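Remarks on the structure that follows.
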Amino acid sequence: MNFVKRAGLSLWARKGRTLITLSAFLVISVMVLAGVLISDATAQAEQDAKRSVGAEVNLTMDIDQLVGGGGMQAPRVDAATVDRLGALPQVQKYTYSMWDRAILKGKYTLVGGGPIDPMGPGGTVGTGVLDTSLLPDFRSGKFTLLSGEHLTAADKDTKQLLIEERLAKQNGLKVGDKITLTGNDEKTTADFTVAGIYRDPRPTTEPDPQYEINPANMLYGAVGGLSALSSDGNGPLQVGKATFLLKDADVQAAFKDEAKRVTGSALDGFKLDANDKAIQQMTGPLKSIRSTATLAMWLMATAGAAVLALLANLAVKQRRTEYGVLLAMGEKKSNLIAQQGLETVLVAAVAIGLSSMFAPSLTQSAGQALLGQEATAAQKKLDSWQAPPPGSTGLGAGTDWDDKPVENADPIGKIAVALDPADLATVGGIGLGIALLATAVPAGAVLRLSPRTILTKGK
């Protein structure tokens with residue numbers, strides 16, 4: 001009788017031991033498969049988050065480089081240099097901005113509330129932007145364009161503005177009306193057309209954290225038009241920061257390398273910083289449960305291999321007489337080891353098949369519950385963040401502006417578990433490895449068997 005047939009008869013004849021081994025393998029298979037499924041589901045959710053947020057790279061001032069170089073003057077870069085970066089193949093859209101004081105005089109007045117004249121009488125902040133639709137507050141949905149159109153690159157050199165609805169209402173302004181602004185030198189003036197009216201939900205008593213002005217008085221204009229109010233407006237357009245939306249999150253490294261090659265020393269004092277804060281905020285709970293599931297999977301696999309090796313070793317001791325008879329009849333020891341391994345593999349195959357039937361639903365329920373707890377805890381931490389008082393850096397109170405939560409980037413609290421052939425192949429490979437490892441220990445005992453000793457002395 002060949003060892004394959006003997007393996008099947010042995011499993012059937014020893015139903016109790018077979019069920020114990022099957023139960024052990026089933027627990028191992030479910031845990032391993034759950035770990036694989038959670039890993040796949042969280043990886044897919046992370047990829048979806050990256051696609052929904054998009055890849056963003058910011059050109060900002062490099063504080064460390066400025067301090068190390070002994071200077072603290074804010075650097076500027078030619079808009080033409082930024083335009084070259086925006087033309088790179090990895091870039092989908094881009095924008096840049098600059099700001100300066102703008103003064104309303106005559107019949108136009110600022111909205112009251114908040115700090116009194118932080119920019120001087122009639123003074124407010126005029127932010128020149130290449131594309132207002134790419135401003136973070138508009139992209140996140142915090143600001144809403146109520147009427148008119150966004151300013152785009154086509155409007156770069158025009159004198160057009162977006163104004164907040166409270167400022168428009170106070171001065172009776174609507175889209176198409178003219179408003180006169182004076183530059184920071186208090187001499188240069190120009191007439192601007194209201195291209196759009198937007199809504200900022202912040203109350204007038206809540207100063208803008210960066211400029212400390214009433215948010216209702218913030219002006220956004222075409223970057224070229226606003227720069228004309230500057231006393232050096234006849235020179236090349238200079239900008240202080242820029243934002244690039246890439247076509248794919250995976251091309252960030254290629255974009256940075258190409259940007260350095262194209263611009264050379266023109267970006268001295270600046271750094272290209274990938275803005276992945278929103279993605280990190282959204283995917284934090286996913287990484288937490290994935291690491292937990294992976295650790296549990298490998299601990300269970302290791303413990304399971306030890307338990308199965310013990311069961312297999314005990315089986316060898318219980319079947320010494322059987323093995324002694326077979327060896328005395330001329331059976332090879334390698335066939336006995338192969339039979340032992342085959343019995344374990346057959347049980348493992350049945351366990352993996354059973355686990356594939358109900359592991360996905362169990363994993364979905366357990367994974368969802370665990371992720372829900374992590375997401376809730378992460379959201380509470382975000383909600384507890386408070387901005388420091390106006391004019392304060394927050395460092396003395398332990399508040400860091402870099403910890404400010406990103407809006408519309410809530411921690412992900414849902415995953416979709418799905419079983420595919422690759423997952424079964426992974427579990428099958430791990431199961432086969434455990435089965436072979438469990439067989440390796442008793443294999444040594446089989447090789448030491450002596451049929452004469454077994455049959456004459458019973459050991």
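So you can find residues: chains in the structure tokens are A, B, ... in the order shown, residues in each start at 1, and ligands are numbered from 1 in order.
Taking only segment 195-385 of chain A, the residues that DSSP calls strand (DSSP E or B) from the backbone come to Ala195, Gly196, Ile197, Tyr198, Arg199, Leu219, Tyr220, Gly221, Ala222, Gln238, Val239, Lys241, Ala242, Thr243, Phe244, Leu245, Leu246, Phe270, Lys271, Leu272, Asp273 and Ala274 of chain A.
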May I have the selected residues written with C-alpha atoms, as a PDB file, in the first residue's frame?
ATOM      1  CA  ALA A 195     -14.781  89.570 -10.452  1.00  0.00           C
ATOM      2  CA  GLY A 196     -16.440  87.517  -7.726  1.00  0.00           C
ATOM      3  CA  ILE A 197     -17.940  87.557  -4.241  1.00  0.00           C
ATOM      4  CA  TYR A 198     -17.153  84.750  -1.812  1.00  0.00           C
ATOM      5  CA  ARG A 199     -18.242  83.704   1.664  1.00  0.00           C
ATOM      6  CA  LEU A 219      -8.971  90.715  -0.717  1.00  0.00           C
ATOM      7  CA  TYR A 220      -7.847  88.230  -3.374  1.00  0.00           C
ATOM      8  CA  GLY A 221      -6.717  89.636  -6.694  1.00  0.00           C
ATOM      9  CA  ALA A 222      -4.969  88.725  -9.909  1.00  0.00           C
ATOM     10  CA  GLN A 238       8.204  88.140  -7.521  1.00  0.00           C
ATOM     11  CA  VAL A 239       6.262  85.581  -5.479  1.00  0.00           C
ATOM     12  CA  LYS A 241       5.145  80.727  -2.268  1.00  0.00           C
ATOM     13  CA  ALA A 242       3.593  78.383  -4.793  1.00  0.00           C
ATOM     14  CA  THR A 243       1.461  75.224  -4.863  1.00  0.00           C
ATOM     15  CA  PHE A 244       1.661  72.433  -7.443  1.00  0.00           C
ATOM     16  CA  LEU A 245      -1.057  69.809  -7.849  1.00  0.00           C
ATOM     17  CA  LEU A 246       0.531  66.752  -9.438  1.00  0.00           C
ATOM     18  CA  PHE A 270      13.031  77.742  -0.666  1.00  0.00           C
ATOM     19  CA  LYS A 271      12.086  74.105  -0.274  1.00  0.00           C
ATOM     20  CA  LEU A 272       9.682  71.820  -2.108  1.00  0.00           C
ATOM     21  CA  ASP A 273       7.554  70.249   0.589  1.00  0.00           C
ATOM     22  CA  ALA A 274       5.071  67.482  -0.147  1.00  0.00           C
TER      23      ALA A 274
END
Skipping near chain neighbours, those fewer than 2 positions away, what residues fall within 12 Å of Thr426 of chain A using only C-alpha atoms, listed as number ranges by chain?
A: 29, 32-37, 40, 352, 419-424, 428-433
Restricting it to N, CA and C atoms, dump the selection as a PDB file, in the first residue's frame.
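To be explicit, this is the file written out as out.pdb:
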ATOM      1  N   SER A  29      -5.579  29.521  10.222  1.00  0.00           N
ATOM      2  CA  SER A  29      -5.959  29.989   8.885  1.00  0.00           C
ATOM      3  C   SER A  29      -6.824  31.238   8.953  1.00  0.00           C
ATOM      4  N   VAL A  32      -4.597  34.207  10.077  1.00  0.00           N
ATOM      5  CA  VAL A  32      -3.685  34.622   9.011  1.00  0.00           C
ATOM      6  C   VAL A  32      -4.458  35.285   7.878  1.00  0.00           C
ATOM      7  N   LEU A  33      -5.586  34.674   7.481  1.00  0.00           N
ATOM      8  CA  LEU A  33      -6.385  35.247   6.406  1.00  0.00           C
ATOM      9  C   LEU A  33      -6.943  36.604   6.814  1.00  0.00           C
ATOM     10  N   ALA A  34      -7.340  36.751   8.081  1.00  0.00           N
ATOM     11  CA  ALA A  34      -7.840  38.047   8.554  1.00  0.00           C
ATOM     12  C   ALA A  34      -6.754  39.114   8.460  1.00  0.00           C
ATOM     13  N   GLY A  35      -5.527  38.733   8.833  1.00  0.00           N
ATOM     14  CA  GLY A  35      -4.431  39.691   8.723  1.00  0.00           C
ATOM     15  C   GLY A  35      -4.179  40.119   7.297  1.00  0.00           C
ATOM     16  N   VAL A  36      -4.220  39.154   6.374  1.00  0.00           N
ATOM     17  CA  VAL A  36      -4.008  39.461   4.955  1.00  0.00           C
ATOM     18  C   VAL A  36      -5.131  40.345   4.423  1.00  0.00           C
ATOM     19  N   LEU A  37      -6.385  40.016   4.783  1.00  0.00           N
ATOM     20  CA  LEU A  37      -7.528  40.785   4.291  1.00  0.00           C
ATOM     21  C   LEU A  37      -7.513  42.211   4.822  1.00  0.00           C
ATOM     22  N   ASP A  40      -4.823  44.182   2.986  1.00  0.00           N
ATOM     23  CA  ASP A  40      -5.264  44.559   1.634  1.00  0.00           C
ATOM     24  C   ASP A  40      -6.306  45.671   1.670  1.00  0.00           C
ATOM     25  N   ILE A 352      -7.972  25.708   5.360  1.00  0.00           N
ATOM     26  CA  ILE A 352      -7.904  26.938   4.562  1.00  0.00           C
ATOM     27  C   ILE A 352      -9.182  27.128   3.755  1.00  0.00           C
ATOM     28  N   LEU A 419     -12.216  39.125  -0.604  1.00  0.00           N
ATOM     29  CA  LEU A 419     -11.306  37.989  -0.775  1.00  0.00           C
ATOM     30  C   LEU A 419     -11.024  37.781  -2.251  1.00  0.00           C
ATOM     31  N   ASP A 420      -9.754  37.670  -2.614  1.00  0.00           N
ATOM     32  CA  ASP A 420      -9.403  37.368  -3.999  1.00  0.00           C
ATOM     33  C   ASP A 420      -8.415  36.204  -4.031  1.00  0.00           C
ATOM     34  N   PRO A 421      -8.179  35.613  -5.188  1.00  0.00           N
ATOM     35  CA  PRO A 421      -7.294  34.446  -5.285  1.00  0.00           C
ATOM     36  C   PRO A 421      -5.896  34.694  -4.724  1.00  0.00           C
ATOM     37  N   ALA A 422      -5.395  35.915  -4.866  1.00  0.00           N
ATOM     38  CA  ALA A 422      -4.057  36.206  -4.357  1.00  0.00           C
ATOM     39  C   ALA A 422      -3.999  36.045  -2.834  1.00  0.00           C
ATOM     40  N   ASP A 423      -5.098  36.423  -2.146  1.00  0.00           N
ATOM     41  CA  ASP A 423      -5.138  36.273  -0.693  1.00  0.00           C
ATOM     42  C   ASP A 423      -5.091  34.793  -0.306  1.00  0.00           C
ATOM     43  N   LEU A 424      -5.872  33.964  -1.025  1.00  0.00           N
ATOM     44  CA  LEU A 424      -5.857  32.528  -0.735  1.00  0.00           C
ATOM     45  C   LEU A 424      -4.486  31.931  -1.009  1.00  0.00           C
ATOM     46  N   GLY A 428      -2.361  30.095   1.665  1.00  0.00           N
ATOM     47  CA  GLY A 428      -1.939  28.737   1.343  1.00  0.00           C
ATOM     48  C   GLY A 428      -0.440  28.555   1.487  1.00  0.00           C
ATOM     49  N   GLY A 429       0.315  29.559   1.047  1.00  0.00           N
ATOM     50  CA  GLY A 429       1.772  29.484   1.181  1.00  0.00           C
ATOM     51  C   GLY A 429       2.205  29.464   2.629  1.00  0.00           C
ATOM     52  N   ILE A 430       1.575  30.332   3.441  1.00  0.00           N
ATOM     53  CA  ILE A 430       1.903  30.360   4.875  1.00  0.00           C
ATOM     54  C   ILE A 430       1.495  29.047   5.537  1.00  0.00           C
ATOM     55  N   GLY A 431       0.293  28.546   5.165  1.00  0.00           N
ATOM     56  CA  GLY A 431      -0.171  27.274   5.729  1.00  0.00           C
ATOM     57  C   GLY A 431       0.741  26.123   5.370  1.00  0.00           C
ATOM     58  N   LEU A 432       1.202  26.091   4.112  1.00  0.00           N
ATOM     59  CA  LEU A 432       2.119  25.032   3.696  1.00  0.00           C
ATOM     60  C   LEU A 432       3.429  25.109   4.472  1.00  0.00           C
ATOM     61  N   GLY A 433       3.900  26.359   4.678  1.00  0.00           N
ATOM     62  CA  GLY A 433       5.134  26.521   5.444  1.00  0.00           C
ATOM     63  C   GLY A 433       4.980  26.029   6.874  1.00  0.00           C
TER      64      GLY A 433
END
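Proximity of A:Leu104, A:Ile415, A:Ala253, A:Ala87 to Ile179 of chain A, computed with only C-alpha atoms, is greatest for A:Leu104.
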Nearest residue to Ala306 of chain A out of A:Gln170, A:Ala24, A:Met218, A:Arg139, using only C-alpha atoms?
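Among the listed residues, A:Ala24 lies closest to Ala306 of chain A.
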Near-Leu19 of chain A list (12 Å; only C-alpha atoms; drop same-chain fewer than 6 positions) as a PDB file with all heavy atoms, in the first residue's frame:
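Result file follows (around.pdb):
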ATOM      1  N   LEU A  11      -6.014   9.294   8.566  1.00  0.00           N
ATOM      2  CA  LEU A  11      -6.823  10.441   8.980  1.00  0.00           C
ATOM      3  C   LEU A  11      -8.240  10.018   9.339  1.00  0.00           C
ATOM      4  O   LEU A  11      -8.838  10.528  10.290  1.00  0.00           O
ATOM      5  CB  LEU A  11      -6.851  11.500   7.862  1.00  0.00           C
ATOM      6  CG  LEU A  11      -5.548  12.254   7.591  1.00  0.00           C
ATOM      7  CD1 LEU A  11      -5.696  13.136   6.357  1.00  0.00           C
ATOM      8  CD2 LEU A  11      -5.147  13.114   8.796  1.00  0.00           C
ATOM      9  N   TRP A  12      -8.778   9.089   8.563  1.00  0.00           N
ATOM     10  CA  TRP A  12     -10.145   8.620   8.814  1.00  0.00           C
ATOM     11  C   TRP A  12     -10.217   7.771  10.077  1.00  0.00           C
ATOM     12  O   TRP A  12     -11.173   7.866  10.848  1.00  0.00           O
ATOM     13  CB  TRP A  12     -10.646   7.849   7.618  1.00  0.00           C
ATOM     14  CG  TRP A  12     -12.061   7.374   7.772  1.00  0.00           C
ATOM     15  CD1 TRP A  12     -12.504   6.110   8.047  1.00  0.00           C
ATOM     16  CD2 TRP A  12     -13.242   8.183   7.679  1.00  0.00           C
ATOM     17  NE1 TRP A  12     -13.854   6.062   8.135  1.00  0.00           N
ATOM     18  CE2 TRP A  12     -14.365   7.336   7.906  1.00  0.00           C
ATOM     19  CE3 TRP A  12     -13.468   9.541   7.440  1.00  0.00           C
ATOM     20  CZ2 TRP A  12     -15.668   7.802   7.899  1.00  0.00           C
ATOM     21  CZ3 TRP A  12     -14.777   9.990   7.422  1.00  0.00           C
ATOM     22  CH2 TRP A  12     -15.857   9.135   7.648  1.00  0.00           C
ATOM     23  N   ALA A  13      -9.219   6.940  10.273  1.00  0.00           N
ATOM     24  CA  ALA A  13      -9.228   6.051  11.436  1.00  0.00           C
ATOM     25  C   ALA A  13      -9.021   6.817  12.740  1.00  0.00           C
ATOM     26  O   ALA A  13      -9.554   6.437  13.786  1.00  0.00           O
ATOM     27  CB  ALA A  13      -8.132   4.987  11.281  1.00  0.00           C
ATOM     28  N   PHE A  25      -5.505  24.163  12.914  1.00  0.00           N
ATOM     29  CA  PHE A  25      -5.211  24.766  11.612  1.00  0.00           C
ATOM     30  C   PHE A  25      -6.280  25.781  11.219  1.00  0.00           C
ATOM     31  O   PHE A  25      -5.987  26.790  10.573  1.00  0.00           O
ATOM     32  CB  PHE A  25      -5.098  23.691  10.535  1.00  0.00           C
ATOM     33  CG  PHE A  25      -3.701  23.499  10.038  1.00  0.00           C
ATOM     34  CD1 PHE A  25      -3.073  22.273  10.157  1.00  0.00           C
ATOM     35  CD2 PHE A  25      -3.004  24.536   9.461  1.00  0.00           C
ATOM     36  CE1 PHE A  25      -1.776  22.095   9.703  1.00  0.00           C
ATOM     37  CE2 PHE A  25      -1.717  24.372   8.998  1.00  0.00           C
ATOM     38  CZ  PHE A  25      -1.101  23.141   9.128  1.00  0.00           C
ATOM     39  N   LEU A  26      -7.532  25.500  11.587  1.00  0.00           N
ATOM     40  CA  LEU A  26      -8.613  26.412  11.223  1.00  0.00           C
ATOM     41  C   LEU A  26      -8.436  27.758  11.921  1.00  0.00           C
ATOM     42  O   LEU A  26      -8.606  28.819  11.308  1.00  0.00           O
ATOM     43  CB  LEU A  26      -9.954  25.793  11.601  1.00  0.00           C
ATOM     44  CG  LEU A  26     -11.210  26.556  11.156  1.00  0.00           C
ATOM     45  CD1 LEU A  26     -11.220  26.737   9.646  1.00  0.00           C
ATOM     46  CD2 LEU A  26     -12.469  25.824  11.621  1.00  0.00           C
ATOM     47  N   LEU A 311       1.814  18.386  18.345  1.00  0.00           N
ATOM     48  CA  LEU A 311       0.826  17.359  18.010  1.00  0.00           C
ATOM     49  C   LEU A 311       1.429  16.284  17.108  1.00  0.00           C
ATOM     50  O   LEU A 311       1.189  15.077  17.285  1.00  0.00           O
ATOM     51  CB  LEU A 311      -0.380  18.001  17.325  1.00  0.00           C
ATOM     52  CG  LEU A 311      -1.279  18.895  18.200  1.00  0.00           C
ATOM     53  CD1 LEU A 311      -2.346  19.562  17.344  1.00  0.00           C
ATOM     54  CD2 LEU A 311      -1.931  18.069  19.304  1.00  0.00           C
ATOM     55  N   THR A 344      -0.672  16.169   7.355  1.00  0.00           N
ATOM     56  CA  THR A 344      -0.750  17.548   7.855  1.00  0.00           C
ATOM     57  C   THR A 344      -1.203  18.507   6.760  1.00  0.00           C
ATOM     58  O   THR A 344      -2.031  19.398   6.988  1.00  0.00           O
ATOM     59  CB  THR A 344       0.612  17.993   8.403  1.00  0.00           C
ATOM     60  OG1 THR A 344       1.071  17.050   9.373  1.00  0.00           O
ATOM     61  CG2 THR A 344       0.522  19.363   9.045  1.00  0.00           C
ATOM     62  N   VAL A 347      -4.989  18.173   6.011  1.00  0.00           N
ATOM     63  CA  VAL A 347      -5.790  18.848   7.033  1.00  0.00           C
ATOM     64  C   VAL A 347      -5.709  20.366   6.858  1.00  0.00           C
ATOM     65  O   VAL A 347      -6.706  21.083   6.978  1.00  0.00           O
ATOM     66  CB  VAL A 347      -5.313  18.439   8.442  1.00  0.00           C
ATOM     67  CG1 VAL A 347      -6.040  19.258   9.506  1.00  0.00           C
ATOM     68  CG2 VAL A 347      -5.556  16.961   8.677  1.00  0.00           C
ATOM     69  N   ALA A 348      -4.507  20.862   6.542  1.00  0.00           N
ATOM     70  CA  ALA A 348      -4.326  22.299   6.337  1.00  0.00           C
ATOM     71  C   ALA A 348      -5.154  22.797   5.162  1.00  0.00           C
ATOM     72  O   ALA A 348      -5.755  23.876   5.221  1.00  0.00           O
ATOM     73  CB  ALA A 348      -2.849  22.609   6.110  1.00  0.00           C
ATOM     74  N   VAL A 350      -7.975  21.574   3.985  1.00  0.00           N
ATOM     75  CA  VAL A 350      -9.390  21.639   4.375  1.00  0.00           C
ATOM     76  C   VAL A 350      -9.638  22.855   5.263  1.00  0.00           C
ATOM     77  O   VAL A 350     -10.640  23.565   5.105  1.00  0.00           O
ATOM     78  CB  VAL A 350      -9.798  20.338   5.104  1.00  0.00           C
ATOM     79  CG1 VAL A 350     -11.229  20.458   5.634  1.00  0.00           C
ATOM     80  CG2 VAL A 350      -9.690  19.146   4.168  1.00  0.00           C
ATOM     81  N   ALA A 351      -8.721  23.125   6.193  1.00  0.00           N
ATOM     82  CA  ALA A 351      -8.878  24.266   7.101  1.00  0.00           C
ATOM     83  C   ALA A 351      -8.865  25.586   6.329  1.00  0.00           C
ATOM     84  O   ALA A 351      -9.663  26.487   6.611  1.00  0.00           O
ATOM     85  CB  ALA A 351      -7.767  24.252   8.145  1.00  0.00           C
TER      86      ALA A 351
END
